[in-house]
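Structure, as structure tokens:
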Amino acid sequence: MLRIEYADYEALRTHGEETYPNECCGVLLGKNIAGEANSAAATNHVRQIVRAGNTRTDSAHNRYNIAPQELVRIQRQARGLGLDIVGFYHSHPDHPAQWSQTDFAEAHWLGCSYIITSIEQGKAALTNSFLLSGTGEDDKKFVDQAIQIDIASTVADAAAHNQKGQE
Amino acid sequence: MNIHIPTPLRAYTGGLETVSITGATVHAVFQQLTVTYPELKQHLFTPEGKLRSFVNVYLNDDDIRYLEAKEGTTVKGTDELTIIPSIAGGTSCCR
């Protein structure tokens, strides 16, 4: 399962709308909890998302790549926050929210979540998450992963904000 | 020197995010790393001993592939190595 705050979920979908007709990409920071890291029973709990640049300016409408240097910086940022890289997100402009052969061939972060949002005519449509399962390059596979969107704290924050505004 | 391990490979370092390994060069450090944590070897190197194409290694802020001496680069105890698999993809259809 993938757990993510509603605000982060919306933010990664908005990112895809902003970069349309090109693909967006970013990194999910959080913690892997409950269960073996590469098993379907594990939960990747997202605590923060980090936008990344797409270096594939030659074909940004259907390819994405995050510069390794930027990944090093983001991993350092995660370490400073006591978090780990638990996944990535990217968009599929005018294309289904399903992993492609390119996504699969280029996926190497076993145990991590890969979120894909389809952007239809500039608007975020479906968002899916896939867990890269397996023990190595030979047996890796994408597994459909349920997304749990946490709205409680977001709603509570909004309620507190509204209440403060009325005082 | 400290070596930072990416999330997927921590299963082979006992869950450690950072491991401390001594060595005079990047190559020597990697040799010792794979002796200490033998299961890492197949994930980092091809059967021919070459660093896998999707595995990036940074010495501090520099990609070792672009260093003059590459894996032969000498290192200090205060240097840091970061192992970072690549991340890429896309629809890649013929539009």
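Chains: A, B, ... in order of the structure tokens. Residues: from 1 per chain. Ligands: from 1, in order shown.
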
Expected answer as JSON, numbers by chain: alpha helix (DSSP H) residues in stretch 14-60 of chain B: {"B": [26, 27, 28, 29, 30, 31, 32, 33, 34, 35, 36, 41, 42, 43, 44]}

Atoms kept (C-alpha atoms) for selection, written as a PDB file, in the first residue's frame:
ATOM      1  CA  VAL B  26      37.203   4.095  -4.958  1.00  0.00           C
ATOM      2  CA  HIS B  27      37.990   0.655  -6.387  1.00  0.00           C
ATOM      3  CA  ALA B  28      39.521  -0.544  -3.094  1.00  0.00           C
ATOM      4  CA  VAL B  29      36.556   0.770  -1.133  1.00  0.00           C
ATOM      5  CA  PHE B  30      34.153  -1.085  -3.422  1.00  0.00           C
ATOM      6  CA  GLN B  31      36.206  -4.258  -3.096  1.00  0.00           C
ATOM      7  CA  GLN B  32      36.002  -4.054   0.676  1.00  0.00           C
ATOM      8  CA  LEU B  33      32.311  -3.100   0.563  1.00  0.00           C
ATOM      9  CA  THR B  34      31.447  -6.257  -1.367  1.00  0.00           C
ATOM     10  CA  VAL B  35      33.587  -8.376   0.967  1.00  0.00           C
ATOM     11  CA  THR B  36      31.780  -6.955   3.992  1.00  0.00           C
ATOM     12  CA  LYS B  41      28.010  -7.425  -5.434  1.00  0.00           C
ATOM     13  CA  GLN B  42      25.507  -8.805  -7.937  1.00  0.00           C
ATOM     14  CA  HIS B  43      23.368  -5.693  -7.604  1.00  0.00           C
ATOM     15  CA  LEU B  44      26.244  -3.284  -8.232  1.00  0.00           C
TER      16      LEU B  44
END

For stretch 127-132 of chain A: contacts at 8 Å, only C-alpha atoms, fewer than 3 positions along chain excluded, given as JSON, numbers by chain: {"A": [2, 13, 38, 40, 97, 98, 99, 107, 108, 109, 110, 111, 112, 113, 114, 115, 116, 117, 118, 140, 141, 142, 143, 144, 145, 146, 147]}

Suppose we keep N, CA and C atoms; can you now write the selection as a short mmCIF file (atom, residue, chain, number, x, y, z; two decimals), in the first residue's frame?
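Saved the output as part.cif:
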data_model
loop_
_atom_site.label_atom_id
_atom_site.label_comp_id
_atom_site.auth_asym_id
_atom_site.auth_seq_id
_atom_site.Cartn_x
_atom_site.Cartn_y
_atom_site.Cartn_z
N LEU A 2 0.34 2.29 -0.60
CA LEU A 2 0.99 3.59 -0.55
C LEU A 2 0.10 4.52 0.26
N ARG A 13 -0.27 15.71 -8.68
CA ARG A 13 -1.17 15.75 -9.84
C ARG A 13 -1.12 17.14 -10.50
N ASN A 38 10.23 -5.35 0.00
CA ASN A 38 9.86 -5.64 -1.38
C ASN A 38 8.56 -6.43 -1.50
N ALA A 40 4.38 -7.16 -1.19
CA ALA A 40 3.15 -6.40 -1.44
C ALA A 40 2.51 -5.96 -0.13
N ALA A 97 -2.70 5.93 -17.22
CA ALA A 97 -1.89 5.90 -15.99
C ALA A 97 -1.41 4.47 -15.72
N GLN A 98 -0.83 3.87 -16.71
CA GLN A 98 -0.28 2.52 -16.61
C GLN A 98 1.20 2.56 -16.97
N TRP A 99 1.95 1.69 -16.33
CA TRP A 99 3.39 1.68 -16.63
C TRP A 99 3.63 1.19 -18.06
N ALA A 107 13.19 0.99 -14.45
CA ALA A 107 12.90 0.96 -13.01
C ALA A 107 13.89 0.04 -12.29
N HIS A 108 14.57 0.60 -11.31
CA HIS A 108 15.60 -0.18 -10.60
C HIS A 108 15.49 -0.07 -9.09
N TRP A 109 14.53 0.73 -8.60
CA TRP A 109 14.42 0.93 -7.15
C TRP A 109 13.43 -0.09 -6.59
N LEU A 110 13.93 -1.29 -6.36
CA LEU A 110 13.08 -2.35 -5.82
C LEU A 110 12.51 -1.96 -4.46
N GLY A 111 11.24 -2.28 -4.26
CA GLY A 111 10.59 -1.94 -2.99
C GLY A 111 10.02 -0.54 -2.97
N CYS A 112 10.28 0.21 -4.03
CA CYS A 112 9.78 1.59 -4.08
C CYS A 112 8.49 1.66 -4.91
N SER A 113 7.75 2.74 -4.68
CA SER A 113 6.48 2.97 -5.37
C SER A 113 6.69 3.89 -6.57
N TYR A 114 6.05 3.55 -7.65
CA TYR A 114 6.09 4.39 -8.85
C TYR A 114 4.67 4.88 -9.14
N ILE A 115 4.44 6.16 -8.91
CA ILE A 115 3.12 6.74 -9.14
C ILE A 115 3.08 7.33 -10.55
N ILE A 116 1.99 7.03 -11.25
CA ILE A 116 1.80 7.57 -12.60
C ILE A 116 0.44 8.25 -12.67
N THR A 117 0.41 9.48 -13.14
CA THR A 117 -0.84 10.22 -13.33
C THR A 117 -1.05 10.49 -14.81
N SER A 118 -2.21 10.12 -15.30
CA SER A 118 -2.52 10.47 -16.70
C SER A 118 -3.04 11.91 -16.72
N LYS A 140 12.32 -8.77 -11.30
CA LYS A 140 11.54 -7.60 -10.90
C LYS A 140 10.22 -7.56 -11.66
N LYS A 141 9.21 -6.99 -11.02
CA LYS A 141 7.92 -6.81 -11.69
C LYS A 141 7.17 -5.67 -11.00
N PHE A 142 6.30 -5.03 -11.77
CA PHE A 142 5.43 -4.01 -11.20
C PHE A 142 4.16 -4.69 -10.69
N VAL A 143 3.77 -4.32 -9.46
CA VAL A 143 2.56 -4.85 -8.86
C VAL A 143 1.63 -3.67 -8.55
N ASP A 144 0.37 -3.81 -8.94
CA ASP A 144 -0.61 -2.76 -8.62
C ASP A 144 -0.60 -2.51 -7.11
N GLN A 145 -0.62 -1.24 -6.75
CA GLN A 145 -0.52 -0.89 -5.33
C GLN A 145 -1.67 0.05 -4.95
N ALA A 146 -2.40 -0.33 -3.90
CA ALA A 146 -3.50 0.52 -3.43
C ALA A 146 -2.93 1.83 -2.88
N ILE A 147 -3.67 2.91 -3.09
CA ILE A 147 -3.28 4.21 -2.55
C ILE A 147 -4.25 4.60 -1.44
#

Measuring atom to atom with only C-alpha atoms, identify which of A:Arg3, A:Gly16, A:Val72, A:Lys123 is nearest to B:Ile83.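 Looking only at the distances to B:Ile83, the closest residue turns out to be A:Val72.
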
Extract the full set of strand (DSSP E) residues from stretch 18-161 of chain A according to DSSP on the backbone, and format it as a PyMOL selection string. chain A and resi 25-33+43-52+64-66+84-93+113-120+123-133+141-145+147-150

Should the cut-off be 9 Å, what would the residue list for chain B against chain A look like, counting only C-alpha atoms, as a ChimeraX atom specification? /B:6-9,11,17,42-43,54-58,61-63,82-95

Dump as an mmCIF file, in the first residue's frame, selection limited to C-alpha atoms:
data_model
loop_
_atom_site.group_PDB
_atom_site.id
_atom_site.type_symbol
_atom_site.label_atom_id
_atom_site.label_comp_id
_atom_site.auth_asym_id
_atom_site.auth_seq_id
_atom_site.Cartn_x
_atom_site.Cartn_y
_atom_site.Cartn_z
ATOM 1 C CA PRO B 6 20.016 3.630 -1.572
ATOM 2 C CA THR B 7 16.760 2.261 -0.150
ATOM 3 C CA PRO B 8 16.565 -0.904 -2.339
ATOM 4 C CA LEU B 9 20.057 -2.086 -1.392
ATOM 5 C CA ALA B 11 18.282 -5.185 2.508
ATOM 6 C CA GLU B 17 21.660 3.664 5.303
ATOM 7 C CA GLN B 42 25.507 -8.805 -7.937
ATOM 8 C CA HIS B 43 23.368 -5.693 -7.604
ATOM 9 C CA PHE B 54 22.045 2.060 -14.162
ATOM 10 C CA VAL B 55 24.124 2.381 -10.988
ATOM 11 C CA ASN B 56 25.551 5.851 -10.476
ATOM 12 C CA VAL B 57 28.301 6.411 -7.947
ATOM 13 C CA TYR B 58 29.142 9.857 -6.663
ATOM 14 C CA ASP B 61 29.396 15.707 -5.645
ATOM 15 C CA ASP B 62 31.208 14.125 -8.594
ATOM 16 C CA ASP B 63 30.115 11.221 -10.779
ATOM 17 C CA THR B 82 26.789 7.827 -2.686
ATOM 18 C CA ILE B 83 25.319 4.930 -4.643
ATOM 19 C CA ILE B 84 22.259 6.057 -6.568
ATOM 20 C CA PRO B 85 20.420 3.930 -9.152
ATOM 21 C CA SER B 86 19.037 5.873 -12.104
ATOM 22 C CA ILE B 87 15.386 6.890 -12.385
ATOM 23 C CA ALA B 88 13.796 7.355 -15.777
ATOM 24 C CA GLY B 89 10.902 6.213 -17.950
ATOM 25 C CA GLY B 90 7.944 7.618 -19.805
ATOM 26 C CA THR B 91 5.200 6.645 -22.182
ATOM 27 C CA SER B 92 7.730 6.543 -24.998
ATOM 28 C CA CYS B 93 5.091 5.855 -27.588
ATOM 29 C CA CYS B 94 5.299 6.996 -31.160
ATOM 30 C CA ARG B 95 3.481 10.265 -31.027
#

Rounded to one decimal place, report the atom CA of B:Lys50-atom CA of A:Thr57 distance in Å. 29.1 Å

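Residue neighbourhood of B:Tyr12, excluding near-sequence residues (fewer than 4 positions): Tyr37, Glu39 and Leu40 of chain B, at 8 Å, using only C-alpha atoms.
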
So, counting only C-alpha atoms, which residue among A:Glu120, A:Asp139, A:Asp150, A:Glu70 is closest to A:Asp8? A:Asp150
